[in-house]
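> You'll find model30.txt just under this line, and it carries compact mmCIF, C-alpha atoms.
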# COMPACT_ATOMS: atom_id res chain seq x y z
CA MET A 1 -183.10 -185.14 -2.48
CA SER A 2 -182.07 -188.31 -0.72
CA PRO A 3 -182.03 -188.43 3.11
CA ASP A 4 -178.23 -188.42 3.01
CA ASP A 5 -176.93 -186.49 0.01
CA PRO A 6 -173.38 -185.12 0.43
CA ALA A 7 -173.55 -183.51 -3.01
CA ALA A 8 -176.51 -181.45 -1.82
CA GLY A 9 -174.78 -180.57 1.43
CA VAL A 10 -177.04 -182.67 3.69
CA ARG A 11 -175.94 -185.50 5.98
CA THR A 12 -178.26 -187.35 8.36
CA LEU A 13 -178.07 -190.05 11.00
CA THR A 14 -181.02 -191.90 12.54
CA ALA A 15 -181.01 -193.39 16.05
CA PRO A 16 -177.22 -193.46 16.52
CA ASP A 17 -175.55 -194.61 19.70
CA ALA A 18 -173.76 -192.03 21.84
CA ALA A 19 -170.36 -192.51 20.23
CA GLY A 20 -171.82 -192.38 16.72
CA ALA A 21 -173.79 -189.23 17.48
CA ALA A 22 -170.77 -187.51 19.04
CA ALA A 23 -168.55 -188.35 16.06
CA PHE A 24 -171.23 -187.13 13.62
CA VAL A 25 -171.66 -183.81 15.44
CA THR A 26 -167.90 -183.28 15.78
CA ASP A 27 -167.38 -183.89 12.06
CA GLY A 28 -170.19 -181.44 11.24
CA LEU A 29 -168.79 -178.73 13.51
CA GLU A 30 -165.30 -179.09 12.04
CA ALA A 31 -166.82 -178.72 8.54
CA ASP A 32 -168.58 -175.49 9.58
CA ALA A 33 -171.98 -177.11 9.04
CA LEU A 34 -175.21 -176.21 10.77
CA VAL A 35 -175.84 -179.20 13.05
CA ALA A 36 -179.25 -180.21 14.42
CA LEU A 37 -180.11 -182.92 16.95
CA PHE A 38 -183.46 -184.20 18.19
CA GLY A 39 -183.86 -186.52 21.14
CA ARG A 40 -184.40 -187.01 24.88
CA CYS A 41 -182.16 -184.71 26.86
CA THR A 42 -181.55 -182.54 29.91
CA VAL A 43 -180.26 -178.97 29.70
CA ASP A 44 -178.04 -177.16 32.21
CA TYR A 45 -176.91 -173.54 32.01
CA GLU A 46 -174.31 -171.82 34.19
CA GLY A 47 -173.21 -168.23 33.83
CA ARG A 48 -174.75 -164.97 34.90
CA ALA A 49 -177.48 -167.16 36.42
CA ALA A 50 -178.14 -170.90 36.54
CA SER A 51 -180.96 -173.05 35.19
CA GLU A 52 -181.84 -176.70 34.76
CA LEU A 53 -184.30 -178.53 32.51
CA GLY A 54 -185.17 -182.12 33.32
CA PRO A 55 -185.55 -184.90 30.74
CA GLY A 56 -187.62 -183.95 27.69
CA ASP A 57 -187.79 -184.26 23.91
CA ARG A 58 -185.99 -181.27 22.42
CA HIS A 59 -184.44 -179.95 19.23
CA VAL A 60 -180.91 -178.51 19.50
CA MET A 61 -179.33 -176.41 16.77
CA LEU A 62 -175.61 -175.55 16.64
CA LYS A 63 -174.70 -172.83 14.17
CA PRO A 64 -171.27 -172.27 12.56
CA ASP A 65 -171.08 -168.78 14.09
CA GLY A 66 -171.15 -170.30 17.60
CA ALA A 67 -174.84 -169.75 18.39
CA ALA A 68 -176.75 -172.60 20.07
CA LEU A 69 -180.55 -172.93 20.35
CA VAL A 70 -182.66 -175.38 22.35
CA HIS A 71 -186.32 -175.69 21.26
CA THR A 72 -189.32 -177.59 22.65
CA ASP A 73 -192.68 -178.22 20.99
CA GLU A 74 -194.04 -174.83 22.09
CA GLY A 75 -193.43 -171.23 21.09
CA GLN A 76 -191.09 -169.54 18.64
CA GLN A 77 -188.40 -168.71 21.19
CA PRO A 78 -185.78 -171.22 22.35
CA VAL A 79 -186.07 -172.35 25.96
CA ASN A 80 -182.33 -171.81 26.26
CA TRP A 81 -179.62 -170.51 23.99
CA GLN A 82 -176.08 -169.25 23.62
CA PRO A 83 -175.06 -166.29 21.42
CA PRO A 84 -172.67 -166.30 18.44
CA GLY A 85 -169.00 -166.59 19.36
CA CYS A 86 -169.30 -169.67 21.56
CA GLU A 87 -167.20 -172.82 21.21
CA HIS A 88 -169.22 -175.99 20.52
CA ASP A 89 -167.99 -179.38 21.72
CA CYS A 90 -169.56 -182.84 21.59
CA ARG A 91 -168.46 -186.03 23.30
CA ALA A 92 -169.80 -189.41 24.41
CA THR A 93 -169.74 -190.06 28.16
CA ASP A 94 -171.17 -193.18 29.84
CA GLY A 95 -173.61 -193.84 27.02
CA THR A 96 -174.72 -190.20 26.89
CA THR A 97 -174.15 -187.73 24.06
CA VAL A 98 -173.02 -184.47 25.65
CA VAL A 99 -173.18 -181.21 23.70
CA GLU A 100 -171.58 -178.15 25.27
CA SER A 101 -171.52 -174.54 24.09
CA ARG A 102 -169.36 -172.18 26.11
CA ARG A 103 -167.72 -168.79 26.04
CA THR A 104 -165.23 -167.11 28.34
CA SER A 105 -166.33 -163.46 28.35
CA PRO A 106 -168.64 -163.56 30.15
CA ALA A 107 -168.08 -167.10 31.42
CA GLU A 108 -171.13 -169.13 30.35
CA SER A 109 -171.77 -172.79 29.63
CA LEU A 110 -174.79 -174.54 28.13
CA VAL A 111 -174.65 -178.33 28.48
CA VAL A 112 -177.18 -180.64 26.80
CA ARG A 113 -177.03 -184.33 27.72
CA PHE A 114 -178.88 -186.69 25.34
CA SER A 115 -179.87 -190.05 26.76
CA THR A 116 -181.10 -190.92 23.25
CA VAL A 117 -180.66 -189.19 19.90
CA ALA A 118 -183.51 -189.93 17.51
CA HIS A 119 -182.13 -187.94 14.62
CA ALA A 120 -179.07 -185.86 13.73
CA ALA A 121 -178.44 -183.75 10.65
CA ALA A 122 -175.67 -181.54 9.29
CA PHE A 123 -176.30 -178.93 6.61
CA ASP A 124 -173.79 -177.02 4.51
CA VAL A 125 -175.64 -173.71 4.53
CA SER A 126 -175.14 -170.51 2.58
CA ASP A 127 -177.51 -167.55 2.58
CA PRO A 128 -177.78 -165.67 -0.74
CA GLU A 129 -178.74 -162.53 1.18
CA THR A 130 -175.27 -162.42 2.73
CA LEU A 131 -173.21 -164.15 0.04
CA GLU A 132 -171.25 -161.50 -1.83
CA VAL A 133 -168.44 -161.54 -4.39
CA VAL A 134 -166.18 -160.45 -1.54
CA GLY A 135 -164.92 -162.27 1.50
CA THR A 136 -163.18 -165.01 -0.49
CA GLU A 137 -159.75 -166.45 0.23
CA ALA A 138 -158.53 -164.53 -2.82
CA ASP A 139 -159.73 -161.32 -1.15
CA LEU A 140 -157.93 -162.29 2.04
CA LYS A 141 -154.74 -162.99 0.08
CA GLN A 142 -154.96 -159.63 -1.68
CA ARG A 143 -155.43 -157.89 1.64
CA VAL A 144 -152.31 -159.54 3.06
CA LEU A 145 -150.24 -158.73 -0.04
CA GLU A 146 -151.31 -155.09 0.01
CA GLU A 147 -150.70 -154.69 3.75
CA PRO A 148 -148.31 -157.40 5.05
CA SER A 149 -148.11 -155.72 8.47
CA LEU A 150 -151.61 -157.08 9.13
CA VAL A 151 -149.87 -160.42 9.66
CA GLU A 152 -147.02 -158.93 11.67
CA ALA A 153 -144.60 -156.03 11.54
CA GLY A 154 -141.69 -156.80 9.22
CA PHE A 155 -143.38 -159.60 7.28
CA THR A 156 -142.40 -159.58 3.58
CA PRO A 157 -144.36 -161.70 1.06
CA LEU A 158 -142.07 -163.27 -1.55
CA ALA A 159 -144.39 -165.59 -3.51
CA THR A 160 -147.92 -166.94 -3.70
CA GLU A 161 -149.00 -170.52 -4.43
CA ARG A 162 -145.43 -171.75 -3.87
CA GLU A 163 -145.36 -175.47 -4.55
CA THR A 164 -144.17 -177.91 -1.89
CA PRO A 165 -144.27 -181.73 -1.79
CA ALA A 166 -147.37 -181.34 0.41
CA GLY A 167 -149.18 -178.88 -1.88
CA ALA A 168 -149.17 -175.18 -2.72
CA VAL A 169 -148.56 -172.64 0.07
CA ASP A 170 -150.93 -169.65 -0.10
CA VAL A 171 -148.29 -167.03 0.75
CA TYR A 172 -144.56 -167.63 1.15
CA GLY A 173 -142.37 -164.95 2.71
CA GLU A 174 -139.97 -164.04 5.46
CA ASP A 175 -140.06 -162.17 8.76
CA ASP A 176 -137.82 -159.31 9.87
CA ALA A 177 -135.29 -161.83 11.18
CA GLY A 178 -134.97 -163.49 7.77
CA ARG A 179 -136.85 -166.65 8.78
CA THR A 180 -139.10 -168.37 6.27
CA VAL A 181 -142.81 -167.81 6.93
CA VAL A 182 -145.67 -169.70 5.26
CA LEU A 183 -149.25 -168.49 5.51
CA GLU A 184 -152.30 -170.67 5.17
CA LEU A 185 -155.33 -168.46 4.49
CA LYS A 186 -158.93 -169.37 5.31
CA ARG A 187 -161.97 -167.13 4.85
CA ARG A 188 -164.01 -168.82 7.60
CA ARG A 189 -163.58 -170.14 11.13
CA VAL A 190 -161.06 -172.97 11.16
CA GLY A 191 -160.41 -176.08 13.21
CA PRO A 192 -157.88 -178.93 13.51
CA ASP A 193 -157.99 -179.78 9.79
CA ALA A 194 -156.53 -176.39 8.82
CA ALA A 195 -153.87 -176.68 11.53
CA SER A 196 -152.87 -180.13 10.24
CA GLN A 197 -152.73 -178.82 6.67
CA LEU A 198 -150.42 -175.99 7.69
CA GLY A 199 -148.25 -178.43 9.64
CA ARG A 200 -147.81 -180.55 6.50
CA TYR A 201 -146.65 -177.50 4.52
CA VAL A 202 -144.16 -176.50 7.19
CA GLY A 203 -142.80 -180.05 7.44
CA ALA A 204 -142.44 -180.27 3.65
CA LEU A 205 -140.56 -176.98 3.47
CA GLU A 206 -138.28 -177.91 6.35
CA ARG A 207 -137.29 -181.03 4.42
CA ASP A 208 -137.04 -179.13 1.14
CA LEU A 209 -134.86 -176.24 2.35
CA HIS A 210 -131.38 -176.45 3.79
CA ALA A 211 -130.92 -178.12 7.16
CA ASP A 212 -130.54 -174.90 9.16
CA ALA A 213 -133.74 -173.31 7.78
CA GLU A 214 -136.29 -172.26 10.37
CA VAL A 215 -139.81 -172.31 8.96
CA ARG A 216 -142.68 -170.57 10.74
CA GLY A 217 -146.25 -171.54 9.94
CA VAL A 218 -149.03 -168.99 10.42
CA LEU A 219 -152.73 -169.74 10.02
CA VAL A 220 -154.68 -166.62 9.00
CA ALA A 221 -158.47 -166.74 9.40
CA PRO A 222 -161.33 -164.89 11.11
CA SER A 223 -161.28 -167.26 14.11
CA VAL A 224 -160.19 -170.71 15.25
CA THR A 225 -161.83 -173.39 17.39
CA GLU A 226 -160.31 -174.40 20.72
CA ARG A 227 -159.29 -177.78 19.27
CA GLY A 228 -157.69 -176.03 16.34
CA ARG A 229 -155.82 -173.64 18.63
CA ALA A 230 -154.61 -176.54 20.78
CA LEU A 231 -153.27 -178.39 17.74
CA LEU A 232 -151.50 -175.25 16.51
CA ALA A 233 -149.78 -174.91 19.89
CA GLU A 234 -148.86 -178.60 19.89
CA LYS A 235 -147.22 -178.25 16.46
CA GLY A 236 -145.51 -174.94 17.25
CA LEU A 237 -147.63 -173.05 14.72
CA GLU A 238 -149.20 -169.59 15.00
CA PHE A 239 -152.57 -167.96 14.41
CA VAL A 240 -153.44 -164.44 13.25
CA PRO A 241 -157.12 -163.39 13.26
CA LEU A 242 -157.97 -161.58 10.01
CA THR A 243 -161.11 -161.33 7.90
CA PRO A 244 -161.18 -160.98 4.09
Could I get this file's structure written as structure tokens?


Amino acid sequence: MSPDDPAAGVRTLTAPDAAGAAAFVTDGLEADALVALFGRCTVDYEGRAASELGPGDRHVMLKPDGAALVHTDEGQQPVNWQPPGCEHDCRATDGTTVVESRRTSPAESLVVRFSTVAHAAAFDVSDPETLEVVGTEADLKQRVLEEPSLVEAGFTPLATERETPAGAVDVYGEDDAGRTVVLELKRRRVGPDAASQLGRYVGALERDLHADAEVRGVLVAPSVTERGRALLAEKGLEFVPLTP
């Protein structure tokens, strides 16, 4: 396997600058990859208590389920961590790569500031122990078709894979007020890419249907990132949490 082999689900970056590292991590998080960083950093935690770690060489792992782990060269336990369900964010600030994992209930924030990143990697991971022939987007679609009220009361599916100039809509239907509703279904946590995709479908249908048509776009997935939720709001789109 080569050091950087997209076909094998592995992407790496060696000694990037702060902006390059932040872009790499952000891309990995949006792709639901497991992201790992090694470099010189400080660690600050605020929540039910508060803690600080001064500069040191540490390994940071960000998991697609929202968990974050900070490891040193000793012991099997992380020196600091955040549980699943957190929102990960990465940005470059004044030559520093800042990684933040936070949640709102309870309010907690773990902030890792890298003065240098020696190595970054993103892995497309699947675990055969948990991979089943269920939980696919097809399963999610079937669930919606069998029980449309899971999306909202009064929703009526009319077609699946309806073609538009922007691509095929997963589920096409109408609400109890007779307005057109398009559903974009995702089996995993989604981000801005899914919101943009849904926006393209809605825009294509608005152009395709008569001028007075009101088209609602609804993203259906287990969860959505904060950036994804913000883009949905900006575009006037909706989100319904639902698992396959």

> When you count all atoms listed in the file, which of these residues is closest to Pro244 (chain A): A:Arg48, A:Arg227, A:Arg216, A:Lys186?

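When distances to Pro244 (chain A) are compared using all atoms listed in the file, the smallest one comes from A:Lys186.
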
> Please indicate the distance in Å from CA of Asp175 (chain A) to CA of Ala153 (chain A), rounded to one decimal place.

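Between CA of Asp175 (chain A) and CA of Ala153 (chain A) the gap works out to 8.1 Å.
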
> Using all atoms listed in the file, find the one residue out of A:Ala92, A:Leu110, A:Leu158, A:Leu29 that sits nearest to Glu46 (chain A).

A:Leu110

> Skipping near chain neighbours, those fewer than 2 positions away, what residues fall within 7 Å of region 241-243 of chain A using all atoms listed in the file, listed as a ChimeraX atom specification?

/A:140,187,220-223,239

> Using all atoms listed in the file, which of A:Thr96, A:Gly39, A:Tyr201, A:Glu147 sits nearest Ala15 (chain A)?

A:Gly39

> Nearest residue to Val125 (chain A) out of A:Asp27, A:Glu161, A:Asp65, A:Glu226, using all atoms listed in the file?

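Checking each of A:Asp27, A:Glu161, A:Asp65, A:Glu226 against Val125 (chain A), counting all atoms listed in the file, the winner is A:Asp65.
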
> In Å, with one decimal, what is the gap from CA of Gln142 (chain A) to CA of Thr180 (chain A)?

19.8 Å

> Could you check the closest approach to Pro64 (chain A) for each of A:Cys86, A:Val43, A:Val112, A:Ala194 and tell me which residue wins, using all atoms listed in the file?

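Closest to Pro64 (chain A), using all atoms listed in the file: A:Cys86.
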
> Skipping near chain neighbours, those fewer than 2 positions away, what residues fall within 7 Å of Phe114 (chain A) using only C-alpha atoms, listed as a CSV table (one decimal) with C-alpha atoms, in the frame of the given file?


chain,number,residue,atom,x,y,z
A,39,GLY,CA,-183.9,-186.5,21.1
A,40,ARG,CA,-184.4,-187.0,24.9
A,41,CYS,CA,-182.2,-184.7,26.9
A,42,THR,CA,-181.6,-182.5,29.9
A,96,THR,CA,-174.7,-190.2,26.9
A,97,THR,CA,-174.2,-187.7,24.1
A,98,VAL,CA,-173.0,-184.5,25.6
A,112,VAL,CA,-177.2,-180.6,26.8
A,116,THR,CA,-181.1,-190.9,23.2
A,117,VAL,CA,-180.7,-189.2,19.9

> Would you mind reading off the distance between CA of Gly199 (chain A) and CA of Arg11 (chain A), one decimal, in Å?

28.8 Å

> Applying 9 Å and all atoms listed in the file, which residues near Lys141 (chain A) remain after dropping the ones on its own chain fewer than 4 positions away? List them as a list in words.

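What passes the distance filter is Thr136, Glu137, Leu145, Glu146, Thr160, Asp170, Val171, Leu185 and Pro244 of chain A.
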
> Please produce a file of the residues just selected, as a PDB file, in the frame of the given file, where the atoms kept are C-alpha atoms.


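Ended up saving to result18.pdb:
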ATOM      1  CA  THR A 136    -163.180-165.010  -0.490  1.00  0.00           C
ATOM      2  CA  GLU A 137    -159.750-166.450   0.230  1.00  0.00           C
ATOM      3  CA  LEU A 145    -150.240-158.730  -0.040  1.00  0.00           C
ATOM      4  CA  GLU A 146    -151.310-155.090   0.010  1.00  0.00           C
ATOM      5  CA  THR A 160    -147.920-166.940  -3.700  1.00  0.00           C
ATOM      6  CA  ASP A 170    -150.930-169.650  -0.100  1.00  0.00           C
ATOM      7  CA  VAL A 171    -148.290-167.030   0.750  1.00  0.00           C
ATOM      8  CA  LEU A 185    -155.330-168.460   4.490  1.00  0.00           C
ATOM      9  CA  PRO A 244    -161.180-160.980   4.090  1.00  0.00           C
TER      10      PRO A 244
END

> Around all the atoms of region 43-60 of chain A listed in the file, with 6 Å of room on each side, what axis-aligned box do you get, giving centre and edge lengths in Å to one decimal, as lines of an AutoDock Vina configuration file?


center_x = -180.5
center_y = -174.9
center_z = 27.9
size_x = 26.6
size_y = 31.9
size_z = 29.3

> Which residue, A:Ser149, A:Thr93, A:Ser115, A:Ser196, has the smallest gap to Ala19 (chain A) when you use all atoms listed in the file?

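Distance minimum relative to Ala19 (chain A) lands on A:Thr93.
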
> Using all atoms listed in the file, what residues lie at most 10 Å away from (-182.5, -189.5, 14.5) (file coordinates), given as a list in words?

Thr12, Leu13, Thr14, Ala15, Pro16, Ala21, Ala36, Leu37, Phe38, Gly39, Thr116, Val117, Ala118, His119, Ala120 and Ala121 of chain A

> Find the residues near Arg179 (chain A): any atom within 8 Å, counting all atoms listed in the file, skip ones fewer than 2 places away on the same chain, and give them as number ranges by chain.

A: 174-177, 181, 213-216

> For Asp89 (chain A), find every residue with an atom within 8 Å (counting only C-alpha atoms), except residues of its own chain fewer than 4 positions away, and show them as a count of residues only.

4
